[in-house]
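Heads up, the thing below is written out as structure tokens.
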Amino acid sequence: TMKCPTVRYGRTELQMPIVSLGCMRFQQTWNRGGKSVKSADQIEQECQENLVNILKHSLHCGVNHIETAQGYGCSELQIGVALKQLFDEGVCTREDLIIQTKGGISSSTTKSGFKSSILQQIERLGVGYIDLFSVHGLNTEDHYNWLFDHGEKGNLIDAIKELQAEGKIRHIGFSTHAPAHIIKKAIESDVFDCLNLHYHFMGSYTASGDGTEALSEGNAENIKLAQKHDMGIFII
């Protein structure tokens with residue numbers, strides 16, 4: 001079987017497959033009303049078996065980058081259950097995988113609360129550490145300020161840095177649908193090792209709506225800037 005090619009993922013030095021397993025839909029429910037899933041015994045067997053089979057096929061093809069988020073319903077929970085099964089069956093080891101998850105922030109998020117939330121994400125995934133942790137949706141000037149200048153609530157980036165120092169997070173990133181000038185500012189902070197952003201062959205656009213020819217800032221220059229900073233680049 002042909003294996004998915006890999007590339008050096010910037011200064012993380014990870015060998016990243018050029019195709020990733022995005023897990024936004026790897027969930028029984030979004031947990032946004034209706035019947036929620038908060039524990040493993042609430043997961044339907046057919047749903048979980050489907051998830052496990054996709055993971056096995058993905059790994060068979062050499063796609064070992066598993067990318068999810070706190071905001072993807074019960075995705076983290078179900079992936080955690082699936083990974084335990086794969087480890088127990090000897091399908092793979094933790095070290096065979098590149099696990100990425102993301103966590104969102106708001107004006108009310110405190111440094112201590114954010115750190116606690118990330119630890120809960122790691123626990124749900126059932127792993128001792130996360131290869132890549134990304135701020136989910138660094139989309140506005142406010143998001144940037146909450147990370148780096150959040151007053152008495154504590155700079156949220158420090159929560160991630162502390163977990164990195166404790167060995168719970170290997171590399172720090174962000175995902176974004178922001179106007180290009182905000183993405184540029186985040187890259188230039190030189191705090192982040194990687195980023196998830198929009199850039200495609202059909203045009204240099206962002207998802208914020210500034211992608212028309214007349215108004216576009218576009219992400220072409222941000223791609224070049226991220227490369228200058230030796231960041232891993234994940235195209236959404």
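Numbering starts fresh at 1 for the residues of each chain in the structure tokens, the chains themselves are lettered A, B, ... in the order given, and ligands are numbered from 1 as they appear.
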
For stretch 171-175 of chain A, work out the shell of residues within 6 Å, counting only C-alpha atoms and skipping chain neighbours fewer than 3 positions away, then give it as number ranges by chain.
A: 132-137, 192-196

Close residues, stretch 142-159 of chain A itself excluded, 7 Å, only C-alpha atoms, min 2 positions apart in chain, as an mmCIF file with N, CA, C and O atoms, in the first residue's frame:
```cif
data_model
loop_
_atom_site.group_PDB
_atom_site.id
_atom_site.type_symbol
_atom_site.label_atom_id
_atom_site.label_comp_id
_atom_site.auth_asym_id
_atom_site.auth_seq_id
_atom_site.Cartn_x
_atom_site.Cartn_y
_atom_site.Cartn_z
ATOM 1 N N SER A 107 -13.725 36.656 26.264
ATOM 2 C CA SER A 107 -13.364 37.757 27.161
ATOM 3 C C SER A 107 -13.397 37.332 28.622
ATOM 4 O O SER A 107 -12.699 37.905 29.465
ATOM 5 N N THR A 110 -10.161 33.069 31.952
ATOM 6 C CA THR A 110 -9.005 33.412 32.777
ATOM 7 C C THR A 110 -7.858 32.463 32.458
ATOM 8 O O THR A 110 -8.058 31.374 31.911
ATOM 9 N N LYS A 111 -6.668 32.876 32.837
ATOM 10 C CA LYS A 111 -5.498 32.022 32.617
ATOM 11 C C LYS A 111 -5.667 30.677 33.318
ATOM 12 O O LYS A 111 -5.444 29.616 32.724
ATOM 13 N N SER A 112 -6.091 30.700 34.581
ATOM 14 C CA SER A 112 -6.240 29.449 35.333
ATOM 15 C C SER A 112 -7.357 28.592 34.750
ATOM 16 O O SER A 112 -7.236 27.367 34.665
ATOM 17 N N PHE A 114 -8.393 28.580 31.618
ATOM 18 C CA PHE A 114 -7.950 28.062 30.318
ATOM 19 C C PHE A 114 -7.027 26.868 30.514
ATOM 20 O O PHE A 114 -7.150 25.849 29.835
ATOM 21 N N LYS A 115 -6.113 26.985 31.472
ATOM 22 C CA LYS A 115 -5.196 25.880 31.743
ATOM 23 C C LYS A 115 -5.962 24.637 32.189
ATOM 24 O O LYS A 115 -5.690 23.524 31.719
ATOM 25 N N LEU A 138 -8.275 32.358 16.325
ATOM 26 C CA LEU A 138 -7.666 33.658 16.626
ATOM 27 C C LEU A 138 -8.084 34.575 15.474
ATOM 28 O O LEU A 138 -7.374 34.724 14.484
ATOM 29 N N ASN A 139 -9.247 35.187 15.633
ATOM 30 C CA ASN A 139 -9.912 35.846 14.504
ATOM 31 C C ASN A 139 -9.996 37.358 14.596
ATOM 32 O O ASN A 139 -10.313 38.010 13.598
ATOM 33 N N THR A 140 -9.774 37.918 15.780
ATOM 34 C CA THR A 140 -9.990 39.347 15.972
ATOM 35 C C THR A 140 -8.869 39.956 16.808
ATOM 36 O O THR A 140 -8.087 39.238 17.442
ATOM 37 N N LYS A 161 1.900 28.132 27.629
ATOM 38 C CA LYS A 161 3.346 28.036 27.840
ATOM 39 C C LYS A 161 3.679 27.225 29.085
ATOM 40 O O LYS A 161 4.653 26.452 29.108
ATOM 41 N N GLU A 162 2.876 27.388 30.137
ATOM 42 C CA GLU A 162 3.106 26.618 31.367
ATOM 43 C C GLU A 162 2.908 25.123 31.110
ATOM 44 O O GLU A 162 3.691 24.292 31.585
ATOM 45 N N LEU A 163 1.875 24.783 30.364
ATOM 46 C CA LEU A 163 1.626 23.374 30.051
ATOM 47 C C LEU A 163 2.717 22.822 29.137
ATOM 48 O O LEU A 163 3.075 21.639 29.232
#
```

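Ranking A:Asn219, A:Ser58, A:Gln48, A:Gln121 by their shortest atom-to-atom distance to A:Pro179, with only C-alpha atoms included, puts A:Asn219 first.
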
Proximity to A:Leu14 - best of A:Gly103, A:Leu197, A:Arg170, A:Glu221, only C-alpha atoms:
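Checking each candidate against A:Leu14, we get A:Arg170 as the closest.
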
As a list in words, please: all residues of stretch 29-60 of chain A that backbone DSSP puts in alpha helix (DSSP H).
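Alpha helix (DSSP H) assignments inside stretch 29-60 of chain A correspond to Gln45, Glu46, Cys47, Gln48, Glu49, Asn50, Leu51, Val52, Asn53, Ile54, Leu55, Lys56, His57, Ser58, Leu59 and His60 of chain A.
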
Identify, on the basis of only C-alpha atoms, every residue whose closest approach to A:Asn50 does not exceed 12 Å; exclude the query and any residue fewer than 6 positions from it along the same chain; express the result as a list in words.
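Listing them by chain and then by number gives Arg25, Phe26, Gln27, Gln28, Ile43, Glu44, Lys56, His57, Gln78, Ile79 and Ala82 of chain A.
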
Pull all heavy atoms from the residues just selected and write them as an mmCIF file, in the first residue's frame.
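In the end it all went to result.cif:
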```cif
data_model
loop_
_atom_site.group_PDB
_atom_site.id
_atom_site.type_symbol
_atom_site.label_atom_id
_atom_site.label_comp_id
_atom_site.auth_asym_id
_atom_site.auth_seq_id
_atom_site.Cartn_x
_atom_site.Cartn_y
_atom_site.Cartn_z
ATOM 1 N N ARG A 25 -16.122 16.228 12.176
ATOM 2 C CA ARG A 25 -17.329 15.394 12.082
ATOM 3 C C ARG A 25 -17.160 14.044 12.767
ATOM 4 O O ARG A 25 -18.011 13.174 12.629
ATOM 5 C CB ARG A 25 -17.694 15.170 10.616
ATOM 6 C CG ARG A 25 -17.852 16.447 9.815
ATOM 7 C CD ARG A 25 -19.065 17.243 10.217
ATOM 8 N NE ARG A 25 -19.205 18.466 9.425
ATOM 9 C CZ ARG A 25 -20.180 19.351 9.573
ATOM 10 N NH1 ARG A 25 -21.110 19.149 10.491
ATOM 11 N NH2 ARG A 25 -20.235 20.428 8.827
ATOM 12 N N PHE A 26 -16.078 13.881 13.498
ATOM 13 C CA PHE A 26 -15.846 12.633 14.229
ATOM 14 C C PHE A 26 -16.583 12.686 15.551
ATOM 15 O O PHE A 26 -15.984 12.643 16.624
ATOM 16 C CB PHE A 26 -14.342 12.455 14.486
ATOM 17 C CG PHE A 26 -13.662 11.512 13.542
ATOM 18 C CD1 PHE A 26 -13.869 11.609 12.186
ATOM 19 C CD2 PHE A 26 -12.808 10.531 13.997
ATOM 20 C CE1 PHE A 26 -13.250 10.752 11.300
ATOM 21 C CE2 PHE A 26 -12.172 9.666 13.134
ATOM 22 C CZ PHE A 26 -12.393 9.776 11.785
ATOM 23 N N GLN A 27 -17.891 12.769 15.483
ATOM 24 C CA GLN A 27 -18.650 12.879 16.721
ATOM 25 C C GLN A 27 -20.095 12.468 16.488
ATOM 26 O O GLN A 27 -20.631 12.632 15.405
ATOM 27 C CB GLN A 27 -18.564 14.308 17.279
ATOM 28 C CG GLN A 27 -18.523 15.414 16.250
ATOM 29 C CD GLN A 27 -19.870 15.962 15.859
ATOM 30 O OE1 GLN A 27 -20.897 15.378 16.128
ATOM 31 N NE2 GLN A 27 -19.872 17.102 15.214
ATOM 32 N N GLN A 28 -20.672 11.936 17.523
ATOM 33 C CA GLN A 28 -22.085 11.529 17.507
ATOM 34 C C GLN A 28 -23.004 12.741 17.600
ATOM 35 O O GLN A 28 -24.104 12.748 17.057
ATOM 36 C CB GLN A 28 -22.329 10.581 18.680
ATOM 37 C CG GLN A 28 -23.724 9.975 18.741
ATOM 38 C CD GLN A 28 -23.797 8.933 19.847
ATOM 39 O OE1 GLN A 28 -22.956 8.028 19.909
ATOM 40 N NE2 GLN A 28 -24.774 9.041 20.718
ATOM 41 N N ILE A 43 -22.080 6.695 24.095
ATOM 42 C CA ILE A 43 -21.713 6.616 22.679
ATOM 43 C C ILE A 43 -22.367 5.397 22.044
ATOM 44 O O ILE A 43 -22.303 4.286 22.581
ATOM 45 C CB ILE A 43 -20.180 6.513 22.519
ATOM 46 C CG1 ILE A 43 -19.490 7.716 23.159
ATOM 47 C CG2 ILE A 43 -19.805 6.403 21.043
ATOM 48 C CD1 ILE A 43 -17.978 7.563 23.256
ATOM 49 N N GLU A 44 -22.993 5.585 20.898
ATOM 50 C CA GLU A 44 -23.626 4.472 20.182
ATOM 51 C C GLU A 44 -22.553 3.598 19.536
ATOM 52 O O GLU A 44 -21.592 4.107 18.950
ATOM 53 C CB GLU A 44 -24.572 5.021 19.118
ATOM 54 C CG GLU A 44 -25.760 5.782 19.697
ATOM 55 C CD GLU A 44 -26.617 6.446 18.632
ATOM 56 O OE1 GLU A 44 -26.299 6.269 17.429
ATOM 57 O OE2 GLU A 44 -27.582 7.142 19.000
ATOM 58 N N LYS A 56 -8.261 3.349 11.710
ATOM 59 C CA LYS A 56 -7.398 2.250 11.294
ATOM 60 C C LYS A 56 -6.990 2.391 9.832
ATOM 61 O O LYS A 56 -5.817 2.197 9.469
ATOM 62 C CB LYS A 56 -8.102 0.912 11.530
ATOM 63 C CG LYS A 56 -8.189 0.490 12.987
ATOM 64 C CD LYS A 56 -8.885 -0.857 13.139
ATOM 65 C CE LYS A 56 -8.896 -1.318 14.585
ATOM 66 N NZ LYS A 56 -9.604 -2.624 14.750
ATOM 67 N N HIS A 57 -7.955 2.751 8.975
ATOM 68 C CA HIS A 57 -7.642 2.902 7.548
ATOM 69 C C HIS A 57 -6.699 4.081 7.329
ATOM 70 O O HIS A 57 -5.759 4.006 6.523
ATOM 71 C CB HIS A 57 -8.923 3.090 6.746
ATOM 72 C CG HIS A 57 -8.687 3.177 5.268
ATOM 73 N ND1 HIS A 57 -8.266 2.094 4.523
ATOM 74 C CD2 HIS A 57 -8.780 4.224 4.399
ATOM 75 C CE1 HIS A 57 -8.113 2.457 3.262
ATOM 76 N NE2 HIS A 57 -8.420 3.744 3.162
ATOM 77 N N GLN A 78 -14.724 10.682 21.939
ATOM 78 C CA GLN A 78 -14.792 9.482 21.110
ATOM 79 C C GLN A 78 -13.426 9.088 20.565
ATOM 80 O O GLN A 78 -13.106 7.902 20.470
ATOM 81 C CB GLN A 78 -15.795 9.686 19.968
ATOM 82 C CG GLN A 78 -17.237 9.729 20.463
ATOM 83 C CD GLN A 78 -18.245 9.678 19.325
ATOM 84 O OE1 GLN A 78 -18.990 10.637 19.116
ATOM 85 N NE2 GLN A 78 -18.284 8.578 18.593
ATOM 86 N N ILE A 79 -12.606 10.072 20.231
ATOM 87 C CA ILE A 79 -11.249 9.761 19.786
ATOM 88 C C ILE A 79 -10.460 9.131 20.929
ATOM 89 O O ILE A 79 -9.712 8.167 20.722
ATOM 90 C CB ILE A 79 -10.550 11.028 19.258
ATOM 91 C CG1 ILE A 79 -11.192 11.461 17.935
ATOM 92 C CG2 ILE A 79 -9.050 10.789 19.068
ATOM 93 C CD1 ILE A 79 -10.744 12.816 17.443
ATOM 94 N N ALA A 82 -11.414 5.594 21.177
ATOM 95 C CA ALA A 82 -10.881 4.858 20.032
ATOM 96 C C ALA A 82 -9.378 4.631 20.164
ATOM 97 O O ALA A 82 -8.875 3.536 19.872
ATOM 98 C CB ALA A 82 -11.189 5.625 18.747
#
```

For stretch 62-67 of chain A: contacts at 6 Å, only C-alpha atoms, fewer than 3 positions along chain excluded, given as an NGL selection string
:A and (3-4 or 17 or 20-23 or 58-59 or 97-101)

Selection above as a file: C-alpha atoms, as a compact mmCIF listing (two decimals), in the first residue's frame:
```txt
# COMPACT_ATOMS: atom_id res chain seq x y z
CA LYS A 3 1.88 5.59 2.16
CA CYS A 4 1.00 9.26 2.35
CA PRO A 17 1.66 13.73 6.32
CA SER A 20 -4.48 15.09 7.67
CA LEU A 21 -7.38 13.37 9.41
CA GLY A 22 -9.63 16.28 10.34
CA CYS A 23 -12.12 15.22 13.00
CA SER A 58 -6.09 6.34 7.94
CA LEU A 59 -3.10 4.91 9.83
CA LEU A 97 0.63 9.62 16.23
CA ILE A 98 0.62 13.38 15.82
CA ILE A 99 -2.34 14.54 17.90
CA GLN A 100 -3.60 18.08 17.59
CA THR A 101 -6.48 19.67 19.42
```

Separation of atom CA of A:Glu95 from atom CA of A:Val81 in Å:
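Atom CA of A:Glu95 lies 17.0 Å from atom CA of A:Val81.
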
DSSP on the backbone, then: every residue of chain A marked strand (DSSP E), written as an MDAnalysis selection string.
chainID A and resid 6:8 15:17 21:22 65:67 98:103 130:135 169:175 194:197 232:235

Can you spit out the residues from that selection as a CSV table (one decimal), in the first residue's frame, using N, CA and C atoms?
```csv
chain,number,residue,atom,x,y,z
A,6,THR,N,5.3,12.6,3.6
A,6,THR,CA,5.4,13.5,4.7
A,6,THR,C,6.3,14.6,4.4
A,7,VAL,N,6.2,15.7,5.1
A,7,VAL,CA,7.1,16.9,5.0
A,7,VAL,C,7.5,17.4,6.4
A,8,ARG,N,8.6,18.1,6.5
A,8,ARG,CA,9.0,18.7,7.7
A,8,ARG,C,8.0,19.8,8.1
A,15,GLN,N,7.5,15.1,11.2
A,15,GLN,CA,7.3,14.7,9.9
A,15,GLN,C,5.7,14.5,9.7
A,16,MET,N,5.2,15.5,9.0
A,16,MET,CA,3.7,15.7,8.9
A,16,MET,C,3.2,15.1,7.5
A,17,PRO,N,2.2,14.2,7.6
A,17,PRO,CA,1.7,13.7,6.3
A,17,PRO,C,1.0,14.9,5.6
A,21,LEU,N,-6.1,13.9,9.0
A,21,LEU,CA,-7.4,13.4,9.4
A,21,LEU,C,-8.1,14.4,10.3
A,22,GLY,N,-8.9,15.3,9.6
A,22,GLY,CA,-9.6,16.3,10.3
A,22,GLY,C,-10.9,15.7,11.0
A,65,HIS,N,-1.7,12.2,11.4
A,65,HIS,CA,-2.1,13.4,12.1
A,65,HIS,C,-3.6,13.5,12.3
A,66,ILE,N,-3.9,13.4,13.6
A,66,ILE,CA,-5.3,13.4,14.0
A,66,ILE,C,-5.6,14.8,14.6
A,67,GLU,N,-6.6,15.6,14.0
A,67,GLU,CA,-6.8,17.0,14.3
A,67,GLU,C,-8.2,17.2,14.8
A,98,ILE,N,0.5,11.9,15.6
A,98,ILE,CA,0.6,13.4,15.8
A,98,ILE,C,-0.8,13.9,16.2
A,99,ILE,N,-1.0,14.2,17.4
A,99,ILE,CA,-2.3,14.5,17.9
A,99,ILE,C,-2.4,16.0,18.1
A,100,GLN,N,-3.4,16.6,17.5
A,100,GLN,CA,-3.6,18.1,17.6
A,100,GLN,C,-5.0,18.3,18.1
A,101,THR,N,-5.2,19.2,19.1
A,101,THR,CA,-6.5,19.7,19.4
A,101,THR,C,-6.4,21.2,19.6
A,102,LYS,N,-7.6,21.8,19.7
A,102,LYS,CA,-7.7,23.2,19.7
A,102,LYS,C,-8.7,23.6,20.9
A,103,GLY,N,-8.4,24.8,21.4
A,103,GLY,CA,-9.3,25.3,22.5
A,103,GLY,C,-9.6,26.8,22.2
A,130,ILE,N,-0.1,16.4,24.3
A,130,ILE,CA,-0.6,16.8,23.0
A,130,ILE,C,0.6,17.3,22.1
A,131,ASP,N,0.7,16.8,20.9
A,131,ASP,CA,1.8,17.2,20.1
A,131,ASP,C,1.6,18.7,19.7
A,132,LEU,N,0.4,19.0,19.3
A,132,LEU,CA,0.1,20.4,18.8
A,132,LEU,C,-1.1,20.9,19.5
A,133,PHE,N,-1.0,22.0,20.3
A,133,PHE,CA,-2.2,22.6,20.8
A,133,PHE,C,-2.4,24.0,20.2
A,134,SER,N,-3.6,24.2,19.6
A,134,SER,CA,-3.8,25.5,18.9
A,134,SER,C,-4.9,26.3,19.6
A,135,VAL,N,-4.7,27.6,19.6
A,135,VAL,CA,-5.8,28.5,20.0
A,135,VAL,C,-6.8,28.4,18.9
A,169,ILE,N,2.1,19.8,26.5
A,169,ILE,CA,2.0,20.3,25.2
A,169,ILE,C,3.4,20.4,24.6
A,170,ARG,N,3.5,19.9,23.3
A,170,ARG,CA,4.9,19.9,22.7
A,170,ARG,C,5.0,21.2,21.9
A,171,HIS,N,4.0,21.6,21.1
A,171,HIS,CA,4.1,22.8,20.2
A,171,HIS,C,2.8,23.6,20.3
A,172,ILE,N,3.0,24.9,20.1
A,172,ILE,CA,1.9,25.8,20.2
A,172,ILE,C,1.5,26.4,18.9
A,173,GLY,N,0.2,26.5,18.6
A,173,GLY,CA,-0.2,27.0,17.3
A,173,GLY,C,-1.5,27.8,17.4
A,174,PHE,N,-2.1,28.2,16.3
A,174,PHE,CA,-3.4,28.8,16.3
A,174,PHE,C,-4.1,28.5,15.0
A,175,SER,N,-5.4,28.5,15.0
A,175,SER,CA,-6.2,28.4,13.8
A,175,SER,C,-6.9,29.7,13.6
A,194,CYS,N,3.1,26.8,14.7
A,194,CYS,CA,2.3,26.4,13.6
A,194,CYS,C,1.0,27.1,13.5
A,195,LEU,N,0.4,27.1,12.3
A,195,LEU,CA,-0.9,27.7,12.2
A,195,LEU,C,-1.8,27.0,11.2
A,196,ASN,N,-3.1,27.1,11.4
A,196,ASN,CA,-4.1,26.6,10.4
A,196,ASN,C,-4.8,27.8,9.8
A,197,LEU,N,-4.7,27.9,8.5
A,197,LEU,CA,-5.3,29.1,7.8
A,197,LEU,C,-5.7,28.7,6.4
A,232,GLY,N,5.1,25.5,11.0
A,232,GLY,CA,4.3,24.5,10.3
A,232,GLY,C,3.0,25.2,9.8
A,233,ILE,N,2.7,24.9,8.5
A,233,ILE,CA,1.5,25.5,7.9
A,233,ILE,C,0.5,24.4,7.5
A,234,PHE,N,-0.7,24.5,8.0
A,234,PHE,CA,-1.8,23.6,7.8
A,234,PHE,C,-2.9,24.4,7.0
A,235,ILE,N,-3.2,24.0,5.8
A,235,ILE,CA,-4.2,24.6,5.0
A,235,ILE,C,-5.6,24.1,5.3
```

Which of these residues is nearest to A:Gln164, using only C-alpha atoms: A:Ala40, A:Val127, A:Leu55, A:Leu119?
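With only C-alpha atoms as the atom set, the closest residue is A:Leu119.
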
Atom CA of A:His198 to atom CA of A:Ile118: how many Å, to one decimal?
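It comes out at 25.0 Å.
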